[in-house]
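Source file upload06.txt; content: compact mmCIF, C-alpha atoms.
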# COMPACT_ATOMS: atom_id res chain seq x y z
CA MET A 661 26.01 14.25 171.48
CA LYS A 662 22.28 14.86 171.64
CA LYS A 663 22.95 18.39 172.89
CA ILE A 664 25.28 19.12 169.97
CA LEU A 665 22.66 17.93 167.49
CA LEU A 666 19.99 20.05 169.17
CA VAL A 667 22.17 23.18 169.09
CA SER A 668 23.04 22.54 165.42
CA ALA A 669 19.37 22.12 164.55
CA LEU A 670 18.43 25.33 166.40
CA LEU A 671 21.22 27.27 164.65
CA ALA A 672 20.08 25.96 161.27
CA MET A 673 16.49 26.99 162.03
CA ALA A 674 17.66 30.44 163.11
CA GLY A 675 19.57 30.76 159.81
CA VAL A 676 16.47 29.85 157.79
CA ALA A 677 14.33 32.34 159.75
CA GLN A 678 16.94 35.06 159.24
CA ALA A 679 17.03 34.39 155.48
CA ALA A 680 13.21 34.52 155.37
CA ASP A 681 13.23 37.87 157.20
CA HIS A 682 15.81 39.19 154.77
CA GLY A 683 13.72 38.12 151.77
CA GLU A 684 10.68 39.82 153.29
CA GLN A 685 12.62 43.04 153.93
CA LEU A 686 13.94 43.06 150.38
CA TYR A 687 10.44 42.44 149.03
CA GLU A 688 9.10 45.36 151.05
CA THR A 689 11.85 47.68 149.80
CA TYR A 690 12.04 46.79 146.12
CA CYS A 691 8.80 45.04 145.15
CA MET A 692 5.81 46.26 147.17
CA GLN A 693 5.64 49.68 145.51
CA CYS A 694 4.42 47.93 142.34
CA HIS A 695 3.38 44.42 143.39
CA GLY A 696 1.49 45.61 146.46
CA VAL A 697 1.84 45.29 150.21
CA GLN A 698 0.11 41.90 150.02
CA GLY A 699 1.71 40.88 146.72
CA HIS A 700 -1.53 40.99 144.73
CA GLY A 701 0.01 43.02 141.90
CA ASN A 702 -1.78 46.22 142.87
CA GLY A 703 0.84 48.42 144.55
CA VAL A 704 0.64 52.21 144.73
CA ASN A 705 2.25 52.51 141.27
CA ALA A 706 0.09 49.89 139.58
CA ALA A 707 -2.82 52.19 138.72
CA HIS A 708 -0.43 54.30 136.63
CA MET A 709 1.05 51.41 134.66
CA SER A 710 0.21 50.23 131.16
CA VAL A 711 0.96 46.63 132.17
CA GLN A 712 -0.23 45.33 135.52
CA PRO A 713 2.44 43.87 137.80
CA ARG A 714 2.33 40.13 138.46
CA ASP A 715 0.09 38.90 141.28
CA HIS A 716 2.60 37.00 143.39
CA THR A 717 -0.16 35.22 145.29
CA ASP A 718 -1.51 33.63 142.11
CA THR A 719 -0.43 30.05 142.76
CA LYS A 720 -1.18 28.80 139.24
CA GLU A 721 0.71 31.60 137.45
CA MET A 722 3.65 31.47 139.82
CA ALA A 723 3.88 27.69 139.74
CA ALA A 724 4.38 27.96 135.98
CA ARG A 725 7.69 29.80 136.60
CA THR A 726 10.81 28.00 137.74
CA ASP A 727 13.05 29.42 140.45
CA ASP A 728 15.67 30.07 137.77
CA GLU A 729 13.20 32.14 135.75
CA LEU A 730 12.23 34.16 138.82
CA PHE A 731 15.91 34.73 139.60
CA LYS A 732 16.53 35.85 136.02
CA VAL A 733 13.65 38.31 135.86
CA ILE A 734 14.63 39.89 139.18
CA GLN A 735 18.27 40.12 138.19
CA GLN A 736 17.88 41.18 134.55
CA GLY A 737 14.40 42.69 134.39
CA GLY A 738 11.24 42.00 132.39
CA LYS A 739 13.03 42.49 129.07
CA ALA A 740 15.16 39.40 129.75
CA ILE A 741 12.11 37.14 129.57
CA ASN A 742 10.26 39.15 126.91
CA LYS A 743 8.02 40.85 129.44
CA SER A 744 7.48 44.51 130.27
CA VAL A 745 10.32 47.01 130.77
CA LEU A 746 8.31 48.22 133.74
CA MET A 747 9.88 45.34 135.66
CA PRO A 748 13.37 46.75 136.30
CA MET A 749 16.62 44.81 136.51
CA TRP A 750 17.75 44.62 140.13
CA GLY A 751 21.06 42.83 139.53
CA GLY A 752 23.03 46.03 140.13
CA ASN A 753 21.30 46.66 143.45
CA LEU A 754 21.10 43.14 144.85
CA SER A 755 23.59 40.32 145.36
CA ASP A 756 22.86 36.78 144.15
CA ASP A 757 22.14 35.82 147.77
CA ASP A 758 19.64 38.68 148.02
CA ILE A 759 17.88 37.49 144.88
CA HIS A 760 17.75 33.90 146.14
CA ALA A 761 16.16 35.24 149.34
CA LEU A 762 13.59 37.10 147.24
CA VAL A 763 12.80 33.99 145.19
CA ALA A 764 12.26 32.07 148.44
CA HIS A 765 9.94 34.82 149.65
CA LEU A 766 7.98 34.68 146.37
CA ARG A 767 7.53 30.94 146.85
CA GLN A 768 6.26 31.62 150.35
CA LEU A 769 3.79 34.21 149.00
CA CYS A 770 2.48 32.14 146.13
CA CYS A 771 2.61 28.68 147.49
CA GLY A 772 3.17 28.83 151.22
CA LYS A 773 6.53 27.12 151.18
CA ASP A 774 10.07 28.14 152.09
CA MET B 112 49.77 103.24 166.66
CA LYS B 113 47.57 102.22 169.50
CA GLY B 114 44.62 101.81 167.17
CA ILE B 115 46.34 99.36 164.83
CA PRO B 116 46.28 96.30 167.09
CA GLY B 117 42.64 97.12 167.79
CA ILE B 118 41.86 97.23 164.07
CA ALA B 119 43.78 93.98 163.53
CA ALA B 120 41.82 92.34 166.33
CA LEU B 121 38.56 93.58 164.81
CA ALA B 122 39.60 92.28 161.39
CA ALA B 123 40.47 88.90 162.89
CA LEU B 124 37.13 88.83 164.66
CA ALA B 125 35.33 89.73 161.44
CA ALA B 126 37.14 86.91 159.65
CA MET B 127 36.00 84.46 162.29
CA LEU B 128 32.36 85.53 162.19
CA PRO B 129 31.37 83.54 159.08
CA LEU B 130 32.92 80.43 160.64
CA ALA B 131 31.05 81.01 163.86
CA ALA B 132 27.83 81.66 161.94
CA GLN B 133 28.35 78.46 159.95
CA ALA B 134 28.89 76.51 163.17
CA ASP B 135 25.59 77.94 164.47
CA VAL B 136 23.80 76.88 161.30
CA ALA B 137 25.35 73.41 161.52
CA GLY B 138 24.01 73.18 165.07
CA ASP B 139 20.57 74.36 163.95
CA ILE B 140 20.51 71.81 161.16
CA GLN B 141 21.57 69.07 163.53
CA GLN B 142 18.83 70.09 165.94
CA GLN B 143 16.02 70.77 163.46
CA CYS B 144 16.71 68.40 160.56
CA ALA B 145 18.53 65.33 161.86
CA GLY B 146 15.37 63.83 163.34
CA CYS B 147 14.18 63.03 159.82
CA HIS B 148 17.18 63.57 157.49
CA ALA B 149 20.47 61.66 157.62
CA LEU B 150 23.37 64.10 157.86
CA SER B 151 26.10 61.47 157.69
CA HIS B 152 26.53 58.49 155.37
CA ASP B 153 26.21 55.96 158.23
CA TYR B 154 23.03 54.51 156.75
CA ALA B 155 25.12 53.04 153.95
CA THR B 156 26.79 50.66 156.41
CA GLN B 157 23.51 49.48 157.94
CA GLY B 158 21.28 46.66 156.72
CA ILE B 159 18.49 47.13 154.17
CA ALA B 160 15.91 47.50 156.97
CA GLU B 161 17.04 51.11 157.47
CA ARG B 162 15.51 52.11 154.12
CA ALA B 163 11.98 51.50 155.33
CA GLU B 164 12.64 53.58 158.44
CA ARG B 165 13.72 56.74 156.62
CA LYS B 166 11.41 59.67 157.15
CA ALA B 167 13.08 61.98 154.63
CA PRO B 168 15.87 61.96 152.02
CA PRO B 169 19.47 61.88 153.27
CA LEU B 170 21.16 65.29 153.19
CA ASP B 171 24.73 64.13 153.73
CA TYR B 172 25.55 64.80 150.05
CA ALA B 173 23.22 67.78 149.59
CA GLY B 174 26.01 69.94 148.15
CA ASN B 175 26.64 67.41 145.38
CA LYS B 176 22.94 67.04 144.65
CA PHE B 177 20.85 70.19 144.91
CA GLN B 178 20.67 73.51 143.14
CA ARG B 179 21.17 76.16 145.83
CA ASP B 180 18.51 78.55 144.51
CA TRP B 181 15.93 75.78 144.45
CA LEU B 182 16.81 74.81 148.04
CA VAL B 183 16.38 78.40 149.25
CA ALA B 184 12.98 78.74 147.58
CA TRP B 185 11.76 75.27 148.60
CA LEU B 186 12.70 75.66 152.25
CA GLN B 187 10.49 78.75 152.39
CA ALA B 188 7.56 77.12 150.63
CA PRO B 189 8.01 73.35 150.84
CA ALA B 190 5.84 71.22 148.55
CA ARG B 191 5.75 67.43 148.37
CA ILE B 192 8.20 65.91 145.86
CA ARG B 193 7.42 62.23 146.46
CA PRO B 194 3.67 61.75 146.00
CA ALA B 195 3.69 58.56 148.07
CA GLY B 196 6.06 59.81 150.74
CA MET B 197 9.52 58.59 151.58
CA PHE B 198 8.65 54.90 151.68
CA ALA B 199 5.43 54.05 149.90
CA PRO B 200 4.83 50.52 151.29
CA ARG B 201 4.66 51.84 154.87
CA LEU B 202 2.12 54.52 153.96
CA ALA B 203 -0.01 52.38 151.65
CA VAL B 204 -3.38 50.98 152.62
CA THR B 205 -5.06 48.25 150.61
CA GLY B 206 -8.50 49.13 149.29
CA PRO B 207 -10.89 47.55 146.79
CA ASP B 208 -8.95 49.04 143.87
CA GLY B 209 -5.52 48.16 145.20
CA ASP B 210 -3.02 50.00 147.36
CA VAL B 211 -3.42 53.72 147.84
CA VAL B 212 -1.37 56.16 149.85
CA ASP B 213 -2.91 57.30 153.09
CA ALA B 214 -2.72 61.06 152.45
CA ASP B 215 -3.30 61.85 156.12
CA ALA B 216 -0.14 59.94 156.99
CA LEU B 217 2.08 62.08 154.75
CA PRO B 218 4.11 64.44 156.92
CA ALA B 219 4.48 68.12 156.05
CA HIS B 220 7.86 69.88 155.98
CA PRO B 221 8.09 73.08 158.04
CA ALA B 222 8.48 76.36 156.12
CA LEU B 223 11.45 78.51 157.08
CA PRO B 224 11.89 82.29 157.09
CA ALA B 225 13.95 83.61 154.16
CA ALA B 226 17.11 84.35 156.14
CA GLN B 227 17.15 80.90 157.73
CA ALA B 228 16.46 79.24 154.39
CA GLU B 229 19.43 81.10 152.86
CA ALA B 230 21.73 80.18 155.74
CA MET B 231 20.70 76.53 155.79
CA ALA B 232 20.98 76.20 152.02
CA ASP B 233 24.46 77.73 152.15
CA TYR B 234 25.51 75.22 154.79
CA LEU B 235 23.93 72.25 153.01
CA MET B 236 25.75 73.19 149.82
CA THR B 237 29.06 72.66 151.67
CA LEU B 238 28.24 68.96 152.19
CA LYS B 239 30.07 67.41 149.26
CA PRO B 240 31.48 63.97 150.06
CA PHE B 241 30.97 62.77 146.48
CA ASP B 242 32.91 65.35 144.47
CA ALA B 243 34.73 62.46 142.79
CA LEU B 244 31.45 61.08 141.39
CA ILE B 245 30.53 64.51 140.05
CA GLU B 246 33.97 65.07 138.56
CA ALA B 247 33.80 61.70 136.79
CA GLU B 248 30.74 62.86 134.85
CA SER B 249 31.09 63.96 131.24
CA TYR B 250 27.43 64.82 130.69
CA GLU B 251 26.87 67.99 128.67
CA PRO B 252 23.25 69.18 128.75
CA GLY B 253 21.62 69.01 125.34
CA SER B 254 18.21 68.96 123.76
CA ILE B 255 15.72 66.26 122.87
CA ALA B 256 12.29 66.49 121.25
CA LEU B 257 9.65 66.23 123.97
CA ARG B 258 7.73 63.49 122.18
CA MET B 259 10.81 61.36 121.63
CA GLY B 260 11.99 61.97 125.18
CA LYS B 261 8.65 60.96 126.62
CA MET B 262 8.54 57.75 124.60
CA ASN B 263 12.04 56.87 125.75
CA PHE B 264 11.26 57.73 129.38
CA GLY B 265 8.09 55.65 129.43
CA LYS B 266 7.79 52.99 126.78
CA PHE B 267 11.46 52.14 126.33
CA LYS B 268 12.93 52.63 129.79
CA GLY B 269 9.89 52.25 132.07
CA CYS B 270 10.84 55.23 134.28
CA ASP B 271 7.16 56.22 134.43
CA GLY B 272 6.46 53.13 136.51
CA CYS B 273 7.69 55.04 139.56
CA HIS B 274 8.14 58.67 138.45
CA GLN B 275 5.86 61.41 137.16
CA ASP B 276 7.12 63.42 134.18
CA GLU B 277 4.13 65.74 134.46
CA PRO B 278 1.73 66.31 137.33
CA GLY B 279 -0.55 63.30 137.75
CA THR B 280 1.14 61.21 135.04
CA GLY B 281 3.26 58.28 136.13
CA GLY B 282 4.00 56.30 139.26
CA VAL B 283 4.02 57.78 142.73
CA SER B 284 6.70 55.97 144.72
CA GLY B 285 9.63 57.91 143.25
CA PRO B 286 10.24 61.66 143.30
CA GLU B 287 8.42 63.74 140.68
CA LEU B 288 10.74 64.49 137.80
CA TYR B 289 9.14 67.50 136.12
CA THR B 290 10.86 69.61 138.79
CA ALA B 291 14.14 67.67 138.72
CA TRP B 292 16.01 70.09 136.46
CA ALA B 293 15.34 73.03 138.78
CA ARG B 294 16.07 70.94 141.86
CA LEU B 295 19.16 68.94 140.95
CA GLN B 296 22.60 69.58 139.50
CA PRO B 297 22.95 68.22 135.94
CA SER B 298 25.99 66.08 136.80
CA PHE B 299 24.17 64.62 139.78
CA ILE B 300 21.25 63.69 137.52
CA SER B 301 23.44 61.84 135.05
CA SER B 302 25.55 60.18 137.75
CA TYR B 303 22.49 59.05 139.70
CA ILE B 304 20.75 57.65 136.62
CA ALA B 305 23.90 55.73 135.66
CA ASN B 306 24.73 54.37 139.11
CA PRO B 307 22.35 55.24 141.92
CA VAL B 308 23.86 52.75 144.37
CA ALA B 309 27.15 54.66 144.26
CA TRP B 310 25.22 57.44 146.02
CA ASP B 311 22.93 55.36 148.16
CA PRO B 312 23.35 51.58 148.44
CA HIS B 313 19.73 51.21 149.56
CA THR B 314 18.18 53.35 146.86
CA MET B 315 14.91 52.10 145.37
CA MET B 316 16.13 53.28 141.98
CA PRO B 317 17.35 50.33 139.88
CA VAL B 318 20.83 50.30 138.41
CA GLY B 319 20.01 49.99 134.73
CA ASP B 320 22.21 49.18 131.78
CA ALA B 321 22.10 52.60 130.14
CA ASN B 322 25.35 53.74 128.51
CA ALA B 323 26.47 57.38 128.61
CA ASP B 324 24.41 58.33 125.53
CA ALA B 325 21.28 56.72 126.94
CA VAL B 326 21.81 58.46 130.29
CA ALA B 327 22.27 61.80 128.48
CA LYS B 328 19.01 61.21 126.59
CA LEU B 329 17.11 60.74 129.86
CA ALA B 330 18.83 63.71 131.51
CA ASN B 331 18.05 65.87 128.47
CA TYR B 332 14.39 64.86 128.76
CA LEU B 333 14.36 66.06 132.37
CA LYS B 334 15.85 69.31 131.12
CA ALA B 335 13.22 69.58 128.40
CA ILE B 336 10.27 69.00 130.74
CA GLY B 337 11.85 71.23 133.38
CA GLU B 338 12.17 74.12 130.98
CA LYS B 339 8.77 73.59 129.33
Write-out of the structure in structure tokens:
Amino acid sequence: MKKILLVSALLAMAGVAQAADHGEQLYETYCMQCHGVQGHGNGVNAAHMSVQPRDHTDTKEMAARTDDELFKVIQQGGKAINKSVLMPMWGGNLSDDDIHALVAHLRQLCCGKD
Amino acid sequence: MKGIPGIAALAALAAMLPLAAQADVAGDIQQQCAGCHALSHDYATQGIAERAERKAPPLDYAGNKFQRDWLVAWLQAPARIRPAGMFAPRLAVTGPDGDVVDADALPAHPALPAAQAEAMADYLMTLKPFDALIEAESYEPGSIALRMGKMNFGKFKGCDGCHQDEPGTGGVSGPELYTAWARLQPSFISSYIANPVAWDPHTMMPVGDANADAVAKLANYLKAIGEK
């Protein structure tokens, strides 16, 4: 019985790690070009933008947003929360699971939690 | 009479020559281009991690995408189209003013002699797996005032976050767009704006909510800046 519990726990941990990797990969592909390789809001495009991208490591700013709000802005773009059109809507590129993985990665970046 | 079978054989041989030449070009492209460019659509079935590994744009649908004359000219005198390379995050270094592209890390494309450029362009233009997407397009090129087009491109749609509509103006992670009209087929432009994931599921171009009129407005702006 102990062995079964141990295997289940290891599988669950592997699943969490896999989801975290996926969120990180998605962040690298879709977000870093504007939000920066370290998430500070200063990606290669940022210098050319009229509105600076959000600093995802800013704990105070990010803590003021709920997970649902983060999901919505990724899925529907900045316009959906009365922010800049420079934040595109990614709902046509990403599945809901992808977006949840991204939200989890944002929480890791801003607040050091999964 | 004796000469007739000989002539027929010569004619048959002549008819086969273009096919043989095309096979040679296909082999050359496989050998010289496949190290950086995808020549099949296999990447679409892989995970998202493949996008970061790409060294150059896929060419598997080149015949649905490019203008042949542009390809011929570009292959002889290649110039960078994506200011930040194929995948900006991998080439970016963080400095005091934010991320910048490491220019030394940007690879150069080899220049080809004219005859090889012609032959390769001809072959690439035969790669058309997405004829159905092109045929579904109803876009008819039209005109738009430059000022209005620019405002729509930037302020209303935010395309300038990633793309330049004139040299040095706009984001750097996407391809420059002031050369798009010369480079790309009009129906590809409208189809890609409307639904880029239909072409490439791992594209970094967002699927927006633009209807056909809004897509035409953006495509017409690319025409306007391309013909400026």
Across A:Leu730, A:Ile759, A:Ala740, A:Met749, the smallest distance to chain B, with only C-alpha atoms counted, is shown by A:Met749
Return the padded bounding box of segment 681-686 of chain A as JSON: axis-aligned, built from all atoms listed in the file, 8 Å added on each side, with centre and edge lengths in Å to one decimal.
{"center_x": 13.2, "center_y": 40.5, "center_z": 153.8, "size_x": 21.1, "size_y": 21.2, "size_z": 22.8}
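Near Gln685 of chain A, within a cut-off of 12 Å and counting only C-alpha atoms, sit the residues Gln678, Ala679, Ala680, Asp681, His682, Gly683, Tyr687, Glu688, Thr689, Tyr690, Cys691, Met692, Val697, Asp758, Ile759, Ala761, Leu762 and His765 of chain A; Gly158, Ile159, Ala160, Glu161, Arg162, Ala163, Glu164, Pro200, Arg201 and His313 of chain B, with same-chain residues fewer than 2 positions away left out.
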Contacts of His700 of chain A at 9 Å or less, counting all atoms listed in the file, minus same-chain residues fewer than 6 places along, as a PyMOL selection string? (chain A and resi 713-718) or (chain B and resi 209)
Residues of chain B that approach chain A to 8 Å or less, counting only C-alpha atoms: could you list each one with the shortest pair of atoms and its distance in Å to one decimal, rows by chain and increasing residue number, as JSON lines?
{"residue": "B:Ile159", "atom": "CA", "partner": "A:Gln685", "partner_atom": "CA", "distance": 7.2}
{"residue": "B:Ala160", "atom": "CA", "partner": "A:Gln685", "partner_atom": "CA", "distance": 6.3}
{"residue": "B:Arg162", "atom": "CA", "partner": "A:Thr689", "partner_atom": "CA", "distance": 7.2}
{"residue": "B:Ala163", "atom": "CA", "partner": "A:Thr689", "partner_atom": "CA", "distance": 6.7}
{"residue": "B:Ala195", "atom": "CA", "partner": "A:Val704", "partner_atom": "CA", "distance": 7.8}
{"residue": "B:Ala199", "atom": "CA", "partner": "A:Gln693", "partner_atom": "CA", "distance": 6.2}
{"residue": "B:Pro200", "atom": "CA", "partner": "A:Gln693", "partner_atom": "CA", "distance": 5.9}
{"residue": "B:Ala203", "atom": "CA", "partner": "A:Val704", "partner_atom": "CA", "distance": 7.0}
{"residue": "B:Thr205", "atom": "CA", "partner": "A:Val697", "partner_atom": "CA", "distance": 7.5}
{"residue": "B:Asp208", "atom": "CA", "partner": "A:Asn702", "partner_atom": "CA", "distance": 7.8}
{"residue": "B:Gly209", "atom": "CA", "partner": "A:Asn702", "partner_atom": "CA", "distance": 4.8}
{"residue": "B:Asp210", "atom": "CA", "partner": "A:Val704", "partner_atom": "CA", "distance": 5.0}
{"residue": "B:Val211", "atom": "CA", "partner": "A:Val704", "partner_atom": "CA", "distance": 5.3}
{"residue": "B:Val212", "atom": "CA", "partner": "A:Val704", "partner_atom": "CA", "distance": 6.8}
{"residue": "B:Lys266", "atom": "CA", "partner": "A:Val745", "partner_atom": "CA", "distance": 7.6}
{"residue": "B:Phe267", "atom": "CA", "partner": "A:Val745", "partner_atom": "CA", "distance": 6.9}
{"residue": "B:Lys268", "atom": "CA", "partner": "A:Val745", "partner_atom": "CA", "distance": 6.3}
{"residue": "B:Gly269", "atom": "CA", "partner": "A:Leu746", "partner_atom": "CA", "distance": 4.6}
{"residue": "B:Cys270", "atom": "CA", "partner": "A:Leu746", "partner_atom": "CA", "distance": 7.5}
{"residue": "B:Asp271", "atom": "CA", "partner": "A:Met709", "partner_atom": "CA", "distance": 7.8}
{"residue": "B:Gly272", "atom": "CA", "partner": "A:Leu746", "partner_atom": "CA", "distance": 5.9}
{"residue": "B:Cys273", "atom": "CA", "partner": "A:Asn705", "partner_atom": "CA", "distance": 6.2}
{"residue": "B:Thr280", "atom": "CA", "partner": "A:His708", "partner_atom": "CA", "distance": 7.3}
{"residue": "B:Gly281", "atom": "CA", "partner": "A:His708", "partner_atom": "CA", "distance": 5.5}
{"residue": "B:Gly282", "atom": "CA", "partner": "A:Asn705", "partner_atom": "CA", "distance": 4.6}
{"residue": "B:Val283", "atom": "CA", "partner": "A:Asn705", "partner_atom": "CA", "distance": 5.7}
{"residue": "B:Ser284", "atom": "CA", "partner": "A:Gln693", "partner_atom": "CA", "distance": 6.4}
{"residue": "B:Val308", "atom": "CA", "partner": "A:Asn753", "partner_atom": "CA", "distance": 6.7}
{"residue": "B:Pro312", "atom": "CA", "partner": "A:Asn753", "partner_atom": "CA", "distance": 7.3}
{"residue": "B:His313", "atom": "CA", "partner": "A:Asn753", "partner_atom": "CA", "distance": 7.8}
{"residue": "B:Met315", "atom": "CA", "partner": "A:Tyr690", "partner_atom": "CA", "distance": 6.1}
{"residue": "B:Pro317", "atom": "CA", "partner": "A:Trp750", "partner_atom": "CA", "distance": 5.7}
{"residue": "B:Val318", "atom": "CA", "partner": "A:Gly752", "partner_atom": "CA", "distance": 5.1}
{"residue": "B:Gly319", "atom": "CA", "partner": "A:Met749", "partner_atom": "CA", "distance": 6.4}
Would you mind telling me which residue in B:Trp310, B:Tyr303, B:Phe264, B:Tyr234 lies nearest to Leu329 of chain B when using only C-alpha atoms?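 Comparing B:Trp310, B:Tyr303, B:Phe264, B:Tyr234 against Leu329 of chain B, the winner is B:Phe264.
Atom CA of Asp320 of chain B is found 15.9 Å from atom CA of Ile741 of chain A.
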Please compute the atom CA of Asp153 of chain B-atom CA of Leu235 of chain B distance, one decimal, in Å.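 Atom CA of Leu235 of chain B lies at a distance of 17.3 Å from atom CA of Asp153 of chain B.
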Could you check which of B:Glu287, B:Glu277, B:Glu246, B:Asp324 is closest to Gly196 of chain B, using all atoms listed in the file?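 With all atoms listed in the file as the atom set, the closest residue is B:Glu287.
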Would you kindly return, as a list in words, each protein, DNA or RNA residue with an atom no farther than 8 Å from any atom of segment 217-227 of chain B, considering all atoms listed in the file and excluding same-chain residues fewer than 5 positions away?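 In the requested form, the answer reads Val183, Leu186, Gln187, Ala188, Pro189, Ala190, Arg191, Ala195, Gly196 and Leu202 of chain B.
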Nearest candidate to Gly285 of chain B (options B:Ile140, B:Leu238, B:Leu182, B:Met197; using only C-alpha atoms):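 Of B:Ile140, B:Leu238, B:Leu182, B:Met197, the one nearest Gly285 of chain B is B:Met197, counting only C-alpha atoms.
Between atom CA of Gln296 of chain B and atom CA of Pro168 of chain B the separation is 16.1 Å.
Between Ala232 of chain B and the candidates B:Ala137, B:Met259, B:Ile245, B:Ala335, the tightest atom-to-atom separation, counting all atoms listed in the file, involves B:Ala137.
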For segment 723-727 of chain A, find every residue with an atom within 10 Å (counting only C-alpha atoms), except residues of its own chain fewer than 2 positions away, and show them as a list in words. Asp718, Thr719, Lys720, Glu721, Glu729, Leu730, Phe731, Lys732, His760, Val763, Ala764, Leu766, Arg767, Cys770 and Cys771 of chain A
Would you pick out the contacts of Asp242 of chain B at 10 Å or less, using all atoms listed in the file, so that residues sharing its chain but fewer than 4 positions from it are not included, and give the list as a PDB file with C-alpha atoms, in the coordinates of the input?
ATOM      1  CA  TYR B 172      25.550  64.800 150.050  1.00  0.00           C
ATOM      2  CA  GLY B 174      26.010  69.940 148.150  1.00  0.00           C
ATOM      3  CA  ASN B 175      26.640  67.410 145.380  1.00  0.00           C
ATOM      4  CA  LEU B 238      28.240  68.960 152.190  1.00  0.00           C
ATOM      5  CA  GLU B 246      33.970  65.070 138.560  1.00  0.00           C
ATOM      6  CA  ALA B 247      33.800  61.700 136.790  1.00  0.00           C
ATOM      7  CA  PHE B 299      24.170  64.620 139.780  1.00  0.00           C
TER       8      PHE B 299
END
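For the residues B:Met316, B:Val326, B:Ala228, B:Ala305, ranking by smallest atom-to-atom distance to Glu251 of chain B using all atoms listed in the file places B:Val326 first.
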Would you fill the gaps in segment 748-759 of chain A so it has N, CA, C and O atoms, then print it as a short mmCIF file (atom, residue, chain, number, x, y, z; two decimals), in the frame of the given file?
data_model
loop_
_atom_site.label_atom_id
_atom_site.label_comp_id
_atom_site.auth_asym_id
_atom_site.auth_seq_id
_atom_site.Cartn_x
_atom_site.Cartn_y
_atom_site.Cartn_z
N PRO A 748 11.96 46.36 136.46
CA PRO A 748 13.37 46.75 136.30
C PRO A 748 14.33 45.59 136.55
O PRO A 748 13.94 44.57 137.11
N MET A 749 15.57 45.79 136.17
CA MET A 749 16.62 44.81 136.51
C MET A 749 17.21 45.23 137.86
O MET A 749 17.59 46.38 138.06
N TRP A 750 17.25 44.30 138.79
CA TRP A 750 17.75 44.62 140.13
C TRP A 750 19.14 44.05 140.39
O TRP A 750 19.65 44.11 141.52
N GLY A 751 19.75 43.48 139.36
CA GLY A 751 21.06 42.83 139.53
C GLY A 751 22.17 43.77 139.97
O GLY A 751 23.17 43.32 140.54
N GLY A 752 22.01 45.06 139.70
CA GLY A 752 23.03 46.03 140.13
C GLY A 752 22.80 46.51 141.55
O GLY A 752 23.67 47.15 142.15
N ASN A 753 21.62 46.23 142.08
CA ASN A 753 21.30 46.66 143.45
C ASN A 753 21.42 45.52 144.44
O ASN A 753 21.68 45.75 145.62
N LEU A 754 21.19 44.30 143.95
CA LEU A 754 21.10 43.14 144.85
C LEU A 754 22.16 42.10 144.52
O LEU A 754 22.50 41.89 143.35
N SER A 755 22.64 41.42 145.56
CA SER A 755 23.59 40.32 145.36
C SER A 755 22.81 39.07 144.93
O SER A 755 21.58 39.02 145.07
N ASP A 756 23.52 38.06 144.49
CA ASP A 756 22.86 36.78 144.15
C ASP A 756 22.14 36.21 145.38
O ASP A 756 21.03 35.68 145.25
N ASP A 757 22.77 36.33 146.54
CA ASP A 757 22.14 35.82 147.77
C ASP A 757 20.83 36.57 148.04
O ASP A 757 19.84 35.96 148.46
N ASP A 758 20.86 37.89 147.83
CA ASP A 758 19.64 38.68 148.02
C ASP A 758 18.53 38.17 147.11
O ASP A 758 17.37 38.02 147.51
N ILE A 759 18.90 37.92 145.85
CA ILE A 759 17.88 37.49 144.88
C ILE A 759 17.34 36.10 145.23
O ILE A 759 16.14 35.85 145.13
#
